[in-house]
Structure formats: C-alpha cells, structure tokens
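Since the structure comes first, as structure tokens, the remarks are kept for the end.
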Amino acid sequence: MDITLNVNGRTHQLGADPRMMLLDVLREVLGLTGTKKGCDQGQCGACTVLIDGRRVLSCFTLAALAQGEITTIEGLSGEGEPLHPMQAAFVEQDAYQCGYCTPGQILSAIACVHEGHAGDEDEIREYMSGNLCRCAAYPKIVAAVKQAAPQLTERG
Amino acid sequence: MRAFVLDRAATSVDAIGLGATSTSADAHVRSPTQYLAGGTTLFDLMKLQVMNPARLVDISGLRAEHGRIVALEDGLWLGALVRMSEAEEDSSVRRDYPVIRDSLCQAASPQLRNMASLGGNVLQRTRCTYFRDTTYHACNKREPGTGCAALEGCNRRLAVLGTSGACIAHYPGDFAVALVALGAEVSVLSTDGRERTFAFEDLHRVPGETPHIETNLVPGDLITGFKVPAHAWTRRSRYVKVRDRASYDFALASAAVALDLEGDVVRAVRIGLGGLATKPWRAHEAEAALIGRRLDKASAREAAAAALAGAAAHGDVAFKIELGRRTLVRALLETQAMEVSA
C-alpha cells in the first residue's frame with residue numbers, strides 16, 4: 001500500500017506491505033539504521049522514536065498509520081552541526097558501553113524531560129524504565145539526563 | 001506476522017460496520033476481524049502468532065468521538081481511546097481518583113502508555129508463558145481442548161483466585177483493577193448500533209471450562225468508554241503494586257483500595273485485587289469484613305484472610321496467597337494514612 005512518512009523534516013512516499021512496522025521501514029527502506037531493533041516485541045525500548053514529540057515504540061507502530069512528524073536519532077543534529085544537548089550529555093557522561101540501546105535512550109530521555117518527568121534521579125529512573133540497557137550503564141544514563149535537562153527546558 | 005487487510009474507520013459507525021463482517025467466532029479474541037487501537041497487545045500477540053486476524057480495523061480515527069476525559073457531576077467519563085498517559089496526567093483523575101492514576105503510572109513503560117488506549121488496556125491478555133509460546137501444544141486459552149501446560153509447569157506468575165482445572169492464567173493489568181474497585185461501568189457499542197452499559201466487574205469472565213472466552217463481549221463489540229461513579233471513597237484511594245522489578249513489570253500481587261472513614265471506623269470500602277486472579281478481582285468478602293469496624297492491622301489482616309480464603313495454589317504460585325494478603329494489608333493501611341484534602 002502507499003505510505004507517506006514525514007521523517008526528520010523530509011517527506012517520503014513509498015509502497016510497503018501493510019504489515020511493515022515503522023521500525024523496519026526506517027531501517028530497511030529509508031536506510032535510517034540509527035533506530036535499533038532490540039526485542040521487536042515492545043519490551044526493550046531500543047526502537048523508541050518521537051512522533052510529534054511523543055515517544056513511542058516503532059516496532060509496534062504500523063508504518064501505514066504513522067502520521068505526524070517522526071524524529072529519529074539522525075534528526076537530532078545535522079552534518080557538521082553541534083550535537084543535540086542530550087547527545088552531548090551522553091558523550092560527556094560516558095552513558096553507554098556497547099551503544100546499541102543509546103539512540104532509543106536519547107530519544108526517550110528528550111521526551112522524558114519535555115514531559116516534565118526529569119525532576120530528580122528517582123523520577124528519571126522511573127520514567128526511563130522503558131529503555132533497557134544490557135550493559136547496565138544506568139547510573140551514567142541518569143547523570144546524562146540530569147545534566148541535559150536544564151538545557152532542554154531552556155531550548156523549549 | 002501473518003498477512004492481514006488493513007481497514008481504517010473514521011467513525012464508530014464505520015468501525016462496527018467493518019467489525020460486523022465476521023461475527024461468528026465463539027469469542028471476540030478469536031474473531032478474524034480485530035479492532036486496532038494502540039496495538040501494544042495485538043501486535044505483540046500477532047508477532048508471536050498467538051493471534052492471527054485476517055483483518056484489522058484501525059480505530060485511531062475515533063479519538064475525536066471516544067477520546068475524551070470528562071469530569072461529570074456524579075463521576076468521571078473516560079473514553080475508550082484516551083491513551084493511558086493522557087489519563088494519568090489528567091488533573092481531575094489525579095485529584096479525585098488517585099487509585100486510577102496510581103494504577104496507570106505503575107503500568108508498562110512511558111512509551112507503551114503513550115500508545116495504549118484505555119479500551120485496549122482492559123482487554124490485554126495473560127502473560128502466561130504457555131499461552132504466549134505456540135511451541136507448547138497444551139493451552140486451553142489459545143486452542144480450546146488442548147489442556148493446560150501451566151498446571152504442572154512454570155507457573156509462579158499465574159493466578160490463585162478464580163482458577164479452574166482448565167486454566168490458571170492470570171489477568172495481568174492494573175487499570176482494570178482500579179475500575180472494579182471503584183464500581184465503574186463500561187459502555188459497549190454492538191454491531192447492530194445499540195449501546196449497552198453494564199458493570200465493569202461483569203466485563204471479564206473466570207475461565208471455567210472455556211478459558212478462550214475471556215470477556216462477555218461478542219465479536220464486533222466496540223468499547224466506547226468507562227464511567228467511574230464519584231463516591232465518598234474515591235478521593236481516599238490508592239493502588240499498591242508488588243513486582244519482581246522496581247518498575248516496568250507486571251504485578252505479582254496488587255491491591256486497589258478506596259476508603260470512606262469516620263475517624264478510624266470504616267463506613268465503606270472498595271477493594272480490587274490484581275496479579276492474583278484470572279480476571280480483575282473485586283474482593284467482596286474482604287469489604288464485608290471491614291464495614292463498621294475500626295481499621296487497624298488486625299482488622300486489615302482479617303479482611304485480607306477473607307479475600308484470599310478461596311485461593312487455590314498450583315505448584316510455584318503458592319507464595320502468592322501470603323503475598324496477596326500482605327499486599328492488601330499494606331494497601332489498606334496506606335490508604336487509611338493518606339492525607340485527603342476536602
């Protein structure tokens with residue numbers, strides 16, 4: 001079926017099987033491999049993207065029904081531009097080990113701040129609980145979210 | 001995931017028209033046509049090939065019609081297409097129905113709550129391993145008449161209340177437990193266009209000999225929303241959830257409690273139990289044990305004993321009987337201790 005997707009400020013028109021999830025279209029059709037396939041079962045958060053700023057799981061979102069502005073990790077900062085403050089905070093805090101869950105963590109963290117759920121460390125831990133990290137970089141992830149939160153609030 | 005046809009409904013009339021195309025199945029979960037809202041249960045089970053519908057009817061277009069939260073004079077209306085995260089952030093839910101908010105914000109993950117609808121949430125299906133893993137042959141819920149692998153299998157997360165010899169699968173949700181406690185009603189649109197409203201407690205069924213028939217919905221029925229009546233006990237209400245992980249996990253045991261107190265004496269109490277039963281469980285016996293009595297540790301323990309008196313344990317799940325009692329005692333005493341503004 002015909003599908004129109006708005007991803008990172010660009011409109012894409014493509015034909016796809018109705019079964020295709022947004023995750024697979026991003027990776028396999030559009031070549032945006034920053035969004036990761038972890039469990040493909042709605043449990044790990046690696047495939048988290050933003051749709052109109054709302055964090056959702058792209059493995060449970062039919063591409064055909066993904067309306068709105070989709071933001072993936074590739075859309076946070078352009079070539080040669082400075083990193084998004086949340087990306088910079090993850091780098092500065094060394095908030096990863098293997099890095100596979102990191103794109104999902106960063107997008108989830110941006111939404112977590114904008115939702116107003118990054119008030120203290122306990123709240124960050126609770127509202128980041130949908131993003132699993134098998135390397136267990138959790139303390140540094142919490143530190144990164146805490147570091148970036150005031151900058152994101154200022155950016156609006 | 002097997003191939004399916006994707007239809008989109010713009011209105012509830014469209015939806016039930018499409019839903020009426022296959023109404024002969026013996027249970028709504030076995031109908032070849034399924035409504036699609038947030039997709040967090042449906043796609044999960046379709047990827048596992050536990051559910052293989054031939055047609056999906058996308059009802060996200062019905063959000064204008066059935067996606068509102070309305071504070072009524074005598075209660076609260078929650079549209080079926082309200083997202084879990086929207087209900088959890090709603091100011092009247094937070095202030096006047098704290099047990100609903102508690103149940104939502106301890107459920108699933110923020111991403112899942114951003115997607116899942118309230119109507120879909122109450123219909124989420126059991127997490128029993130033998131139901132979810134199709135390499136096991138025996139599951140009466142998935143394939144009627146095949147038996148139950150869980151009775152003698154790994155069953156520590158399953159049910160101790162409302163079980164039968166055919167099925168001990170637990171109902172895994174949280175929000176529905178708050179709804180049964182508060183005596184909510186559910187509104188359902190049938191394929192003939194008629195709307196019926198009945199007690200939410202009567203939506204789900206205990207398994208008996210037909211665990212594949214999980215609710216009293218028939219194929220094509222569409223949940224439009226929930227009415228929660230306001231009472232003296234709604235503001236003093238709380239949801240306590242005990243789980244293996246600190247966050248993002250299903251309940252091993254949970255209790256929704258709403259209390260109307262005169263001093264320490266119980267004028268009225270409503271109790272729902274989660275994680276322990278085959279359906280969202282209203283603990284009528286525990287309520288009866290508390291009416292007119294001073295609420296303290298001793299009376300809370302008596303009520304908890306009454307709540308679990310009918311429990312049946314199969315193997316590893318036996319620990320849930322004591323865990324359930326302790327969870328309810330804690331929920332009662334914490335609800336009593338709540339500071340409630342007038």
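Chains: A, B, ... in order of the structure tokens. Residues: from 1 per chain. Ligands: from 1, in order shown.
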What residues in chain B have any atom no more than 12 Å from chain A when counting only C-alpha atoms, and can you write them as a PyMOL selection string? chain B and resi 1-8+36-48+53-61+83+85-86+89+105-116+132+245-249
Would you mind writing down, as a PyMOL selection string, each residue of range 96-222 of chain B that DSSP on the backbone assigns to strand (DSSP E)? chain B and resi 185-189+195-199+222
So that I have them on file, write out the residues from the current selection with C-alpha atoms, as a compact mmCIF listing (two decimals), in the first residue's frame.
```txt
# COMPACT_ATOMS: atom_id res chain seq x y z
CA GLU B 185 -19.39 0.79 34.32
CA VAL B 186 -18.33 0.02 30.76
CA SER B 187 -20.18 1.15 27.64
CA VAL B 188 -20.14 -1.06 24.58
CA LEU B 189 -21.41 -0.47 21.06
CA GLU B 195 -25.06 0.83 23.06
CA ARG B 196 -25.23 -1.07 26.33
CA THR B 197 -23.75 -0.14 29.68
CA PHE B 198 -23.03 -2.64 32.42
CA ALA B 199 -20.87 -3.15 35.50
CA LEU B 222 -16.61 -1.94 20.50
```
Atomic distance CA of Val266 in chain B - CA of Asp90 in chain B, expressed in Å with one decimal: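 Result for CA of Val266 in chain B versus CA of Asp90 in chain B: 28.9 Å, one decimal.
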One-decimal distance in Å that lies between CA of Ala258 in chain B and CA of Leu161 in chain B: 20.9 Å
Smallest atom-to-atom distance to Ala109 in chain A: which of A:Ser77, A:Leu152, A:Gly68, A:Asp94, using only C-alpha atoms?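 Ranked by minimum distance to Ala109 in chain A, first place goes to A:Leu152.
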Using CA of Ile110 in chain A and CA of Cys39 in chain A as the two end points, give the distance in Å to one decimal.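 Taking CA of Ile110 in chain A as the start and CA of Cys39 in chain A as the end point, the length is 21.8 Å.
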Just asking: which residues within range 18-75 of chain A are helix (DSSP H, G or I) according to DSSP, as a list of chain:residue names? A:Leu22, A:Leu23, A:Asp24, A:Val25, A:Leu26, A:Arg27, A:Glu28, A:Val29, A:Ser58, A:Cys59, A:Phe60, A:Ala63, A:Ala64, A:Leu65, A:Ile73, A:Glu74, A:Gly75
Which of these, B:Arg270, B:His28, B:Ala176, B:Val70, has the shortest distance to Ser91 in chain B once you count only C-alpha atoms? B:Val70
When you look at Thr327 in chain B with a cut-off of 10 Å (counting only C-alpha atoms), what residues show up, excluding the ones that are within fewer than 3 positions of it in the same chain? I need them as a list in words.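 Returned residues: Val240, Lys241, Val242, Leu252, Ala253, Ser254, Ala255, Ala256, Leu273, Ala304, Lys320, Ile321, Glu322, Leu323, Gly324, Arg330, Ala331 and Leu332 of chain B.
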For the selection just defined, write its residues with N, CA and C atoms to a file, as a CSV table (one decimal), in the first residue's frame.
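Output below, filename result_26.csv:
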```csv
chain,number,residue,atom,x,y,z
B,240,VAL,N,-1.6,-0.3,45.3
B,240,VAL,CA,-0.3,-0.8,45.7
B,240,VAL,C,0.1,-2.0,44.8
B,241,LYS,N,1.3,-1.9,44.2
B,241,LYS,CA,1.7,-3.0,43.3
B,241,LYS,C,3.0,-3.6,43.7
B,242,VAL,N,3.0,-4.9,43.8
B,242,VAL,CA,4.3,-5.6,44.2
B,242,VAL,C,4.7,-6.4,43.0
B,252,LEU,N,3.0,-9.1,40.7
B,252,LEU,CA,2.9,-10.4,41.3
B,252,LEU,C,1.6,-10.4,42.1
B,253,ALA,N,1.4,-9.2,42.8
B,253,ALA,CA,0.2,-9.0,43.5
B,253,ALA,C,-0.1,-7.5,43.6
B,254,SER,N,-1.3,-7.1,43.5
B,254,SER,CA,-1.6,-5.7,43.7
B,254,SER,C,-3.0,-5.5,44.3
B,255,ALA,N,-3.2,-4.4,44.9
B,255,ALA,CA,-4.5,-4.1,45.5
B,255,ALA,C,-4.9,-2.6,45.3
B,256,ALA,N,-6.1,-2.5,44.8
B,256,ALA,CA,-6.7,-1.1,44.7
B,256,ALA,C,-7.7,-1.0,45.9
B,273,LEU,N,-8.3,-6.6,43.5
B,273,LEU,CA,-7.0,-7.3,43.5
B,273,LEU,C,-6.5,-7.6,42.1
B,304,ALA,N,-7.9,-9.4,54.8
B,304,ALA,CA,-7.0,-10.0,53.8
B,304,ALA,C,-7.2,-11.5,53.7
B,320,LYS,N,1.9,-16.7,46.3
B,320,LYS,CA,1.1,-15.5,46.1
B,320,LYS,C,0.0,-15.4,47.1
B,321,ILE,N,-0.4,-16.5,47.7
B,321,ILE,CA,-1.5,-16.4,48.7
B,321,ILE,C,-1.1,-15.5,49.8
B,322,GLU,N,0.0,-15.8,50.4
B,322,GLU,CA,0.5,-14.9,51.5
B,322,GLU,C,0.9,-13.5,51.0
B,323,LEU,N,1.5,-13.5,49.8
B,323,LEU,CA,1.9,-12.2,49.3
B,323,LEU,C,0.7,-11.3,49.0
B,324,GLY,N,-0.4,-11.9,48.5
B,324,GLY,CA,-1.6,-11.2,48.3
B,324,GLY,C,-2.2,-10.6,49.6
B,330,ARG,N,-1.1,-3.9,53.4
B,330,ARG,CA,-0.3,-2.7,53.2
B,330,ARG,C,-1.2,-1.6,52.5
B,331,ALA,N,-2.0,-2.1,51.5
B,331,ALA,CA,-2.8,-1.1,50.8
B,331,ALA,C,-3.8,-0.5,51.7
B,332,LEU,N,-4.5,-1.3,52.5
B,332,LEU,CA,-5.5,-0.7,53.4
B,332,LEU,C,-4.9,0.3,54.4
```
Hey, what's within 12 Å of Tyr138 in chain A if we count only C-alpha atoms and toss same-chain stuff fewer than 2 positions away? As a PyMOL selection string, please? chain A and resi 90+93-97+101-102+105+121-122+124-126+128-129+131-136+140-145
Mind checking which residues fall within 6 Å of range 3-12 of chain A, counting only C-alpha atoms, ignoring those fewer than 3 positions away in the same chain, and posting them as a list in words? Gly15, Ala64, Glu69, Ile70, Thr71 and Gly75 of chain A
Residues near Ala148 in chain A, anyone? I mean within 6 Å using only C-alpha atoms, not counting same-chain ones fewer than 3 positions away, as number ranges by chain. A: 85-86, 89, 145, 151
Nearest residue to Asp26 in chain B out of B:Ala184, B:Ala87, B:Ile271, B:Leu217, using only C-alpha atoms?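 Once distances to Asp26 in chain B are computed over only C-alpha atoms, the minimum belongs to B:Leu217.
For the choices B:Arg68, B:Arg94, B:Arg205, B:Arg293, the atom-to-atom distance to Ser237 in chain B is smallest for B:Arg94 when using only C-alpha atoms.
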Residues at most 8 Å from Ile291 in chain B, counting only C-alpha atoms, excluding those fewer than 4 positions away in the same chain, as a list in words? Val266, Arg267, Ala268, Val269 and Glu287 of chain B
